[in-house]
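**Student:** Dropping in my_file_1.cif, which is mmCIF, N, CA and C atoms:
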```cif
data_protein
loop_
_atom_site.label_atom_id
_atom_site.label_comp_id
_atom_site.auth_asym_id
_atom_site.auth_seq_id
_atom_site.Cartn_x
_atom_site.Cartn_y
_atom_site.Cartn_z
N MET B 3 -22.53 -38.82 -17.24
CA MET B 3 -22.97 -37.48 -16.94
C MET B 3 -21.89 -36.49 -17.41
N ALA B 4 -22.28 -35.59 -18.28
CA ALA B 4 -21.35 -34.61 -18.85
C ALA B 4 -21.21 -33.42 -17.92
N MET B 5 -19.98 -32.95 -17.82
CA MET B 5 -19.70 -31.76 -17.00
C MET B 5 -19.78 -30.52 -17.88
N THR B 6 -20.32 -29.45 -17.30
CA THR B 6 -20.34 -28.20 -18.04
C THR B 6 -18.95 -27.58 -18.01
N GLU B 7 -18.72 -26.71 -18.96
CA GLU B 7 -17.42 -26.02 -19.02
C GLU B 7 -17.21 -25.20 -17.74
N GLU B 8 -18.27 -24.60 -17.26
CA GLU B 8 -18.18 -23.80 -16.03
C GLU B 8 -17.74 -24.67 -14.85
N ARG B 9 -18.29 -25.87 -14.74
CA ARG B 9 -17.93 -26.77 -13.64
C ARG B 9 -16.47 -27.22 -13.75
N VAL B 10 -16.02 -27.47 -14.97
CA VAL B 10 -14.63 -27.86 -15.18
C VAL B 10 -13.70 -26.74 -14.72
N ARG B 11 -14.04 -25.50 -15.08
CA ARG B 11 -13.23 -24.36 -14.66
C ARG B 11 -13.22 -24.20 -13.15
N GLU B 12 -14.37 -24.42 -12.54
CA GLU B 12 -14.46 -24.32 -11.08
C GLU B 12 -13.57 -25.37 -10.41
N ILE B 13 -13.61 -26.59 -10.91
CA ILE B 13 -12.77 -27.65 -10.35
C ILE B 13 -11.29 -27.31 -10.54
N PHE B 14 -10.95 -26.82 -11.73
CA PHE B 14 -9.56 -26.44 -11.99
C PHE B 14 -9.11 -25.34 -11.03
N ARG B 15 -9.95 -24.30 -10.83
CA ARG B 15 -9.60 -23.21 -9.92
C ARG B 15 -9.42 -23.72 -8.49
N GLU B 16 -10.31 -24.60 -8.05
CA GLU B 16 -10.19 -25.16 -6.71
C GLU B 16 -8.89 -25.92 -6.53
N GLU B 17 -8.55 -26.74 -7.51
CA GLU B 17 -7.30 -27.52 -7.43
C GLU B 17 -6.08 -26.61 -7.48
N TYR B 18 -6.13 -25.60 -8.33
CA TYR B 18 -5.03 -24.64 -8.43
C TYR B 18 -4.82 -23.94 -7.09
N GLU B 19 -5.91 -23.49 -6.49
CA GLU B 19 -5.81 -22.79 -5.21
C GLU B 19 -5.33 -23.71 -4.09
N LYS B 20 -5.67 -24.97 -4.14
CA LYS B 20 -5.16 -25.92 -3.14
C LYS B 20 -3.64 -26.03 -3.22
N GLN B 21 -3.11 -26.05 -4.45
CA GLN B 21 -1.67 -26.21 -4.64
C GLN B 21 -0.90 -24.91 -4.46
N PHE B 22 -1.42 -23.83 -5.02
CA PHE B 22 -0.65 -22.58 -5.09
C PHE B 22 -1.25 -21.43 -4.31
N GLY B 23 -2.43 -21.61 -3.74
CA GLY B 23 -3.11 -20.51 -3.07
C GLY B 23 -3.87 -19.69 -4.10
N PRO B 24 -4.75 -18.81 -3.64
CA PRO B 24 -5.54 -18.01 -4.58
C PRO B 24 -4.65 -17.09 -5.40
N LYS B 25 -5.05 -16.84 -6.65
CA LYS B 25 -4.27 -15.94 -7.51
C LYS B 25 -4.27 -14.53 -6.95
N THR B 26 -5.39 -14.10 -6.43
CA THR B 26 -5.46 -12.78 -5.80
C THR B 26 -6.09 -12.92 -4.42
N SER B 27 -5.78 -11.98 -3.58
CA SER B 27 -6.31 -11.97 -2.23
C SER B 27 -7.84 -11.81 -2.26
N PRO B 28 -8.56 -12.68 -1.54
CA PRO B 28 -10.02 -12.52 -1.50
C PRO B 28 -10.44 -11.15 -0.95
N GLU B 29 -9.70 -10.64 0.03
CA GLU B 29 -10.02 -9.32 0.58
C GLU B 29 -9.78 -8.23 -0.47
N TRP B 30 -8.71 -8.38 -1.25
CA TRP B 30 -8.46 -7.41 -2.32
C TRP B 30 -9.57 -7.48 -3.37
N THR B 31 -10.05 -8.67 -3.68
CA THR B 31 -11.13 -8.83 -4.65
C THR B 31 -12.36 -8.04 -4.20
N LYS B 32 -12.69 -8.10 -2.92
CA LYS B 32 -13.83 -7.34 -2.38
C LYS B 32 -13.60 -5.84 -2.50
N LEU B 33 -12.40 -5.39 -2.11
CA LEU B 33 -12.10 -3.96 -2.18
C LEU B 33 -12.10 -3.49 -3.63
N ARG B 34 -11.55 -4.29 -4.52
CA ARG B 34 -11.52 -3.92 -5.95
C ARG B 34 -12.93 -3.70 -6.47
N LYS B 35 -13.87 -4.56 -6.08
CA LYS B 35 -15.28 -4.40 -6.49
C LYS B 35 -15.84 -3.09 -5.97
N GLU B 36 -15.54 -2.75 -4.72
CA GLU B 36 -16.01 -1.48 -4.15
C GLU B 36 -15.44 -0.29 -4.93
N ILE B 37 -14.17 -0.37 -5.29
CA ILE B 37 -13.53 0.71 -6.05
C ILE B 37 -14.18 0.86 -7.42
N ILE B 38 -14.41 -0.25 -8.09
CA ILE B 38 -15.06 -0.20 -9.41
C ILE B 38 -16.45 0.41 -9.30
N ASP B 39 -17.23 -0.03 -8.32
CA ASP B 39 -18.58 0.52 -8.13
C ASP B 39 -18.53 2.02 -7.87
N TYR B 40 -17.60 2.44 -7.02
CA TYR B 40 -17.45 3.87 -6.72
C TYR B 40 -17.11 4.66 -7.98
N CYS B 41 -16.17 4.16 -8.75
CA CYS B 41 -15.73 4.86 -9.95
C CYS B 41 -16.84 4.96 -10.98
N LYS B 42 -17.59 3.89 -11.14
CA LYS B 42 -18.70 3.92 -12.10
C LYS B 42 -19.80 4.87 -11.66
N GLN B 43 -19.98 5.00 -10.35
CA GLN B 43 -20.97 5.94 -9.83
C GLN B 43 -20.51 7.39 -10.02
N GLU B 44 -19.23 7.63 -9.76
CA GLU B 44 -18.68 8.98 -9.86
C GLU B 44 -18.48 9.44 -11.30
N ARG B 45 -18.10 8.53 -12.15
CA ARG B 45 -17.81 8.84 -13.57
C ARG B 45 -18.51 7.82 -14.46
N PRO B 46 -19.81 7.93 -14.64
CA PRO B 46 -20.53 6.90 -15.40
C PRO B 46 -20.23 6.89 -16.90
N GLU B 47 -19.54 7.92 -17.41
CA GLU B 47 -19.20 7.91 -18.83
C GLU B 47 -18.41 6.65 -19.14
N SER B 48 -18.52 6.18 -20.34
CA SER B 48 -18.01 4.86 -20.70
C SER B 48 -16.54 4.62 -20.34
N THR B 49 -15.66 5.56 -20.55
CA THR B 49 -14.24 5.32 -20.26
C THR B 49 -13.70 6.14 -19.10
N LYS B 50 -14.37 7.19 -18.69
CA LYS B 50 -13.82 8.04 -17.64
C LYS B 50 -13.76 7.35 -16.29
N TRP B 51 -14.66 6.41 -16.01
CA TRP B 51 -14.61 5.71 -14.72
C TRP B 51 -13.33 4.88 -14.63
N TYR B 52 -12.89 4.34 -15.75
CA TYR B 52 -11.67 3.53 -15.78
C TYR B 52 -10.45 4.38 -15.43
N ASN B 53 -10.41 5.61 -15.93
CA ASN B 53 -9.29 6.51 -15.62
C ASN B 53 -9.24 6.81 -14.13
N LEU B 54 -10.39 7.05 -13.52
CA LEU B 54 -10.45 7.30 -12.08
C LEU B 54 -9.97 6.06 -11.32
N GLN B 55 -10.40 4.89 -11.76
CA GLN B 55 -9.97 3.64 -11.12
C GLN B 55 -8.45 3.51 -11.17
N GLN B 56 -7.86 3.78 -12.31
CA GLN B 56 -6.41 3.65 -12.46
C GLN B 56 -5.67 4.64 -11.56
N GLN B 57 -6.21 5.83 -11.40
CA GLN B 57 -5.58 6.81 -10.51
C GLN B 57 -5.63 6.33 -9.06
N ILE B 58 -6.75 5.75 -8.66
CA ILE B 58 -6.87 5.21 -7.30
C ILE B 58 -5.87 4.06 -7.11
N TYR B 59 -5.77 3.19 -8.10
CA TYR B 59 -4.82 2.08 -8.02
C TYR B 59 -3.38 2.59 -7.92
N THR B 60 -3.07 3.67 -8.63
CA THR B 60 -1.72 4.24 -8.58
C THR B 60 -1.40 4.70 -7.16
N VAL B 61 -2.35 5.36 -6.51
CA VAL B 61 -2.14 5.81 -5.13
C VAL B 61 -1.95 4.62 -4.20
N ILE B 62 -2.76 3.59 -4.38
CA ILE B 62 -2.65 2.40 -3.53
C ILE B 62 -1.30 1.72 -3.74
N ARG B 63 -0.88 1.56 -4.99
CA ARG B 63 0.42 0.93 -5.25
C ARG B 63 1.55 1.74 -4.61
N ALA B 64 1.49 3.07 -4.73
CA ALA B 64 2.53 3.91 -4.15
C ALA B 64 2.51 3.82 -2.62
N THR B 65 1.33 3.80 -2.05
CA THR B 65 1.20 3.71 -0.60
C THR B 65 1.79 2.42 -0.06
N LEU B 66 1.51 1.32 -0.76
CA LEU B 66 1.97 0.00 -0.30
C LEU B 66 3.36 -0.34 -0.80
N GLY B 67 3.84 0.39 -1.79
CA GLY B 67 5.15 0.08 -2.35
C GLY B 67 5.16 -1.21 -3.14
N ILE B 68 4.06 -1.47 -3.85
CA ILE B 68 3.98 -2.69 -4.66
C ILE B 68 3.93 -2.32 -6.13
N HIS B 69 4.36 -3.24 -6.97
CA HIS B 69 4.39 -3.00 -8.41
C HIS B 69 3.08 -3.44 -9.07
N ARG B 70 2.59 -4.60 -8.66
CA ARG B 70 1.35 -5.14 -9.26
C ARG B 70 0.24 -5.16 -8.22
N ILE B 71 -0.84 -4.48 -8.52
CA ILE B 71 -1.96 -4.35 -7.58
C ILE B 71 -2.57 -5.71 -7.23
N ASP B 72 -2.62 -6.63 -8.19
CA ASP B 72 -3.22 -7.94 -7.93
C ASP B 72 -2.35 -8.86 -7.09
N LYS B 73 -1.14 -8.43 -6.77
CA LYS B 73 -0.27 -9.21 -5.89
C LYS B 73 -0.42 -8.78 -4.43
N MET B 74 -1.37 -7.91 -4.16
CA MET B 74 -1.62 -7.43 -2.81
C MET B 74 -2.03 -8.60 -1.91
N THR B 75 -1.53 -8.60 -0.69
CA THR B 75 -1.87 -9.66 0.26
C THR B 75 -3.04 -9.21 1.14
N ASP B 76 -3.65 -10.17 1.82
CA ASP B 76 -4.74 -9.84 2.74
C ASP B 76 -4.28 -8.86 3.82
N GLU B 77 -3.00 -8.98 4.22
CA GLU B 77 -2.47 -8.10 5.26
C GLU B 77 -2.33 -6.66 4.77
N GLU B 78 -2.19 -6.46 3.47
CA GLU B 78 -2.03 -5.11 2.91
C GLU B 78 -3.36 -4.42 2.62
N VAL B 79 -4.42 -5.20 2.56
CA VAL B 79 -5.72 -4.65 2.18
C VAL B 79 -6.21 -3.55 3.14
N PRO B 80 -6.07 -3.68 4.46
CA PRO B 80 -6.54 -2.60 5.33
C PRO B 80 -5.88 -1.25 5.02
N GLN B 81 -4.60 -1.25 4.72
CA GLN B 81 -3.93 0.00 4.37
C GLN B 81 -4.42 0.51 3.01
N ALA B 82 -4.66 -0.40 2.08
CA ALA B 82 -5.21 -0.01 0.78
C ALA B 82 -6.59 0.60 0.95
N ARG B 83 -7.39 0.00 1.84
CA ARG B 83 -8.73 0.53 2.10
C ARG B 83 -8.64 1.94 2.70
N LYS B 84 -7.69 2.16 3.61
CA LYS B 84 -7.51 3.49 4.19
C LYS B 84 -7.18 4.51 3.11
N ALA B 85 -6.32 4.13 2.17
CA ALA B 85 -5.96 5.03 1.07
C ALA B 85 -7.19 5.33 0.21
N PHE B 86 -7.98 4.32 -0.08
CA PHE B 86 -9.20 4.51 -0.87
C PHE B 86 -10.19 5.42 -0.15
N GLU B 87 -10.40 5.18 1.14
CA GLU B 87 -11.33 6.01 1.91
C GLU B 87 -10.83 7.45 1.97
N PHE B 88 -9.53 7.64 2.10
CA PHE B 88 -8.95 8.99 2.10
C PHE B 88 -9.23 9.69 0.78
N ILE B 89 -9.04 9.00 -0.33
CA ILE B 89 -9.30 9.57 -1.65
C ILE B 89 -10.77 9.97 -1.76
N LYS B 90 -11.67 9.10 -1.31
CA LYS B 90 -13.10 9.42 -1.38
C LYS B 90 -13.43 10.68 -0.57
N ARG B 91 -12.87 10.78 0.64
CA ARG B 91 -13.12 11.96 1.47
C ARG B 91 -12.59 13.22 0.81
N GLN B 92 -11.39 13.15 0.25
CA GLN B 92 -10.80 14.32 -0.41
C GLN B 92 -11.62 14.75 -1.62
N ARG B 93 -12.07 13.79 -2.42
CA ARG B 93 -12.90 14.11 -3.59
C ARG B 93 -14.21 14.74 -3.15
N GLU B 94 -14.80 14.22 -2.08
CA GLU B 94 -16.06 14.78 -1.57
C GLU B 94 -15.85 16.21 -1.08
N GLU B 95 -14.76 16.44 -0.38
CA GLU B 95 -14.44 17.77 0.13
C GLU B 95 -14.24 18.76 -1.03
N VAL B 96 -13.51 18.36 -2.04
CA VAL B 96 -13.30 19.23 -3.21
C VAL B 96 -14.62 19.51 -3.92
N ASN B 97 -15.44 18.47 -4.08
CA ASN B 97 -16.73 18.67 -4.74
C ASN B 97 -17.63 19.58 -3.94
N ASN B 98 -17.61 19.46 -2.61
CA ASN B 98 -18.42 20.35 -1.76
C ASN B 98 -17.93 21.80 -1.84
N ASP B 99 -16.60 21.99 -1.93
CA ASP B 99 -16.05 23.34 -2.05
C ASP B 99 -16.47 24.00 -3.36
N GLU B 100 -16.57 23.20 -4.42
CA GLU B 100 -16.96 23.73 -5.73
C GLU B 100 -18.41 24.17 -5.72
N ILE B 101 -19.26 23.51 -4.95
CA ILE B 101 -20.69 23.84 -4.88
C ILE B 101 -20.90 25.12 -4.10
N SER B 102 -20.08 25.36 -3.07
CA SER B 102 -20.25 26.53 -2.20
C SER B 102 -20.01 27.83 -2.91
#
```
Please go through the file and, once you have read it, give me the structure as C-alpha cells.
**Tutor:**
Amino acid sequence: MAMTEERVREIFREEYEKQFGPKTSPEWTKLRKEIIDYCKQERPESTKWYNLQQQIYTVIRATLGIHRIDKMTDEEVPQARKAFEFIKRQREEVNNDEIS
C-alpha cells in the first residue's frame, strides 16, 4: 500500500511535534487566521491587506516584546488578542468619525 505525499508529511509533522513540540503555538495559529480574515475584509485589494496585517503584527510584537511573531507562546496569545481587539476598536472608531 503506497502512502500519499500528504500522509508522509502528516506523519513527519506528528513525529516532529512529539520530539520538539509544535513549531508554532496552536492558539497563535487560530489568532493569526482571525487577523488575516480581518485584514482581507478591511483591505480586499491584492496587497493592501498584507500591509495592514504587518502593522498589526508590529504592534503585537512591540506589546509582547518578542522579535519573531511565530515564536509566540500559548501564554502570550491572550495579550496579543487584546492588542488586536484594541486595534480593531480604534480603527472602527476612526472610521465612524470620518462618516460623521
**Student:** Find the residues around region 49-61 of chain B up to 8 Å (only N, CA and C atoms counted), leave out those fewer than 3 positions away in its own chain, and share them as a ChimeraX atom specification.
**Tutor:** /B:37-38,40-46,64-67,71,82,85-86,89
**Student:** So that I can see what lies close to region 72-78 of chain B, please list as a PyMOL selection string the residues with an atom at most 6 Å from it, counting only C-alpha atoms and leaving out residues fewer than 4 positions away in the same chain.
**Tutor:** chain B and resi 26-27+29
**Student:** Between atom N of Val79 (chain B) and atom C of Phe14 (chain B), what is the spacing in Å?
**Tutor:**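 If I compute the distance from atom C of Phe14 (chain B) to atom N of Val79 (chain B), I get 24.7 Å.
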**Student:** Step by step, gather every atom of region 65-75 of chain B that the file lists, find the box along x, y and z that holds them, add 4 Å on each side, and finally give centre and edge lengths in Å to one decimal, as JSON.
**Tutor:**
```
{"center_x": 1.0, "center_y": -2.9, "center_z": -4.1, "size_x": 16.4, "size_y": 21.5, "size_z": 18.4}
```
**Student:** Expressed in Å to a single decimal, how great is the separation between atom C of Glu87 (chain B) and CA of Glu47 (chain B)?
**Tutor:**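 Separation of atom C of Glu87 (chain B) and CA of Glu47 (chain B): 22.4 Å.
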**Student:** I'd like the interatomic distance between CA of Lys35 (chain B) and atom C of Arg9 (chain B), to a tenth of an Å.
**Tutor:** 24.0 Å
**Student:** Extract region 4-40 of chain B from the preceding block and save N, CA and C atoms as an mmCIF file, in the first residue's frame.
**Tutor:**
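Here's the written file result07.cif:
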```cif
data_model
loop_
_atom_site.group_PDB
_atom_site.id
_atom_site.type_symbol
_atom_site.label_atom_id
_atom_site.label_comp_id
_atom_site.auth_asym_id
_atom_site.auth_seq_id
_atom_site.Cartn_x
_atom_site.Cartn_y
_atom_site.Cartn_z
ATOM 1 N N ALA B 4 0.724 2.075 -0.999
ATOM 2 C CA ALA B 4 1.536 3.287 -1.150
ATOM 3 C C ALA B 4 0.948 4.421 -0.318
ATOM 4 N N MET B 5 1.851 5.169 0.291
ATOM 5 C CA MET B 5 1.432 6.334 1.076
ATOM 6 C C MET B 5 1.449 7.567 0.193
ATOM 7 N N THR B 6 0.469 8.437 0.408
ATOM 8 C CA THR B 6 0.467 9.692 -0.330
ATOM 9 C C THR B 6 1.498 10.629 0.275
ATOM 10 N N GLU B 7 1.909 11.584 -0.518
ATOM 11 C CA GLU B 7 2.884 12.570 -0.025
ATOM 12 C C GLU B 7 2.295 13.341 1.161
ATOM 13 N N GLU B 8 1.013 13.629 1.087
ATOM 14 C CA GLU B 8 0.350 14.355 2.184
ATOM 15 C C GLU B 8 0.413 13.548 3.479
ATOM 16 N N ARG B 9 0.190 12.240 3.399
ATOM 17 C CA ARG B 9 0.235 11.389 4.598
ATOM 18 C C ARG B 9 1.649 11.315 5.172
ATOM 19 N N VAL B 10 2.642 11.260 4.294
ATOM 20 C CA VAL B 10 4.029 11.238 4.747
ATOM 21 C C VAL B 10 4.347 12.521 5.512
ATOM 22 N N ARG B 11 3.909 13.660 4.974
ATOM 23 C CA ARG B 11 4.141 14.941 5.644
ATOM 24 C C ARG B 11 3.438 15.001 6.994
ATOM 25 N N GLU B 12 2.226 14.469 7.033
ATOM 26 C CA GLU B 12 1.473 14.455 8.286
ATOM 27 C C GLU B 12 2.199 13.617 9.343
ATOM 28 N N ILE B 13 2.690 12.460 8.951
ATOM 29 C CA ILE B 13 3.431 11.601 9.882
ATOM 30 C C ILE B 13 4.700 12.308 10.355
ATOM 31 N N PHE B 14 5.406 12.935 9.418
ATOM 32 C CA PHE B 14 6.626 13.664 9.782
ATOM 33 C C PHE B 14 6.309 14.773 10.782
ATOM 34 N N ARG B 15 5.248 15.559 10.524
ATOM 35 C CA ARG B 15 4.867 16.645 11.429
ATOM 36 C C ARG B 15 4.519 16.111 12.817
ATOM 37 N N GLU B 16 3.771 15.014 12.860
ATOM 38 C CA GLU B 16 3.406 14.416 14.147
ATOM 39 C C GLU B 16 4.641 13.987 14.930
ATOM 40 N N GLU B 17 5.572 13.339 14.256
ATOM 41 C CA GLU B 17 6.800 12.886 14.923
ATOM 42 C C GLU B 17 7.653 14.066 15.374
ATOM 43 N N TYR B 18 7.735 15.083 14.532
ATOM 44 C CA TYR B 18 8.496 16.290 14.879
ATOM 45 C C TYR B 18 7.908 16.935 16.131
ATOM 46 N N GLU B 19 6.585 17.068 16.161
ATOM 47 C CA GLU B 19 5.934 17.695 17.307
ATOM 48 C C GLU B 19 6.075 16.852 18.573
ATOM 49 N N LYS B 20 6.116 15.547 18.447
ATOM 50 C CA LYS B 20 6.342 14.690 19.619
ATOM 51 C C LYS B 20 7.713 14.966 20.232
ATOM 52 N N GLN B 21 8.718 15.149 19.368
ATOM 53 C CA GLN B 21 10.079 15.359 19.857
ATOM 54 C C GLN B 21 10.348 16.792 20.281
ATOM 55 N N PHE B 22 9.877 17.744 19.494
ATOM 56 C CA PHE B 22 10.274 19.146 19.704
ATOM 57 C C PHE B 22 9.118 20.070 20.069
ATOM 58 N N GLY B 23 7.897 19.568 20.066
ATOM 59 C CA GLY B 23 6.742 20.423 20.295
ATOM 60 C C GLY B 23 6.341 21.095 18.987
ATOM 61 N N PRO B 24 5.164 21.699 18.959
ATOM 62 C CA PRO B 24 4.707 22.338 17.717
ATOM 63 C C PRO B 24 5.616 23.500 17.337
ATOM 64 N N LYS B 25 5.760 23.727 16.027
ATOM 65 C CA LYS B 25 6.591 24.833 15.555
ATOM 66 C C LYS B 25 5.997 26.166 15.978
ATOM 67 N N THR B 26 4.697 26.274 15.921
ATOM 68 C CA THR B 26 4.029 27.497 16.374
ATOM 69 C C THR B 26 2.908 27.118 17.333
ATOM 70 N N SER B 27 2.570 28.061 18.174
ATOM 71 C CA SER B 27 1.504 27.850 19.142
ATOM 72 C C SER B 27 0.170 27.632 18.422
ATOM 73 N N PRO B 28 -0.561 26.578 18.791
ATOM 74 C CA PRO B 28 -1.873 26.364 18.172
ATOM 75 C C PRO B 28 -2.822 27.553 18.395
ATOM 76 N N GLU B 29 -2.738 28.167 19.568
ATOM 77 C CA GLU B 29 -3.583 29.334 19.844
ATOM 78 C C GLU B 29 -3.182 30.512 18.953
ATOM 79 N N TRP B 30 -1.881 30.681 18.741
ATOM 80 C CA TRP B 30 -1.423 31.746 17.848
ATOM 81 C C TRP B 30 -1.895 31.470 16.420
ATOM 82 N N THR B 31 -1.877 30.220 15.991
ATOM 83 C CA THR B 31 -2.334 29.865 14.653
ATOM 84 C C THR B 31 -3.788 30.295 14.459
ATOM 85 N N LYS B 32 -4.626 30.079 15.464
ATOM 86 C CA LYS B 32 -6.035 30.497 15.392
ATOM 87 C C LYS B 32 -6.150 32.014 15.303
ATOM 88 N N LEU B 33 -5.408 32.719 16.157
ATOM 89 C CA LEU B 33 -5.468 34.179 16.153
ATOM 90 C C LEU B 33 -4.936 34.729 14.834
ATOM 91 N N ARG B 34 -3.872 34.144 14.325
ATOM 92 C CA ARG B 34 -3.302 34.597 13.045
ATOM 93 C C ARG B 34 -4.334 34.497 11.935
ATOM 94 N N LYS B 35 -5.109 33.412 11.918
ATOM 95 C CA LYS B 35 -6.173 33.242 10.910
ATOM 96 C C LYS B 35 -7.213 34.341 11.055
ATOM 97 N N GLU B 36 -7.595 34.670 12.281
ATOM 98 C CA GLU B 36 -8.565 35.748 12.511
ATOM 99 C C GLU B 36 -8.021 37.085 12.001
ATOM 100 N N ILE B 37 -6.744 37.339 12.249
ATOM 101 C CA ILE B 37 -6.125 38.592 11.803
ATOM 102 C C ILE B 37 -6.115 38.659 10.278
ATOM 103 N N ILE B 38 -5.739 37.572 9.634
ATOM 104 C CA ILE B 38 -5.722 37.547 8.169
ATOM 105 C C ILE B 38 -7.116 37.784 7.611
ATOM 106 N N ASP B 39 -8.119 37.108 8.164
ATOM 107 C CA ASP B 39 -9.502 37.293 7.698
ATOM 108 C C ASP B 39 -9.946 38.744 7.866
ATOM 109 N N TYR B 40 -9.626 39.324 9.012
ATOM 110 C CA TYR B 40 -9.982 40.725 9.270
ATOM 111 C C TYR B 40 -9.318 41.653 8.252
#
```
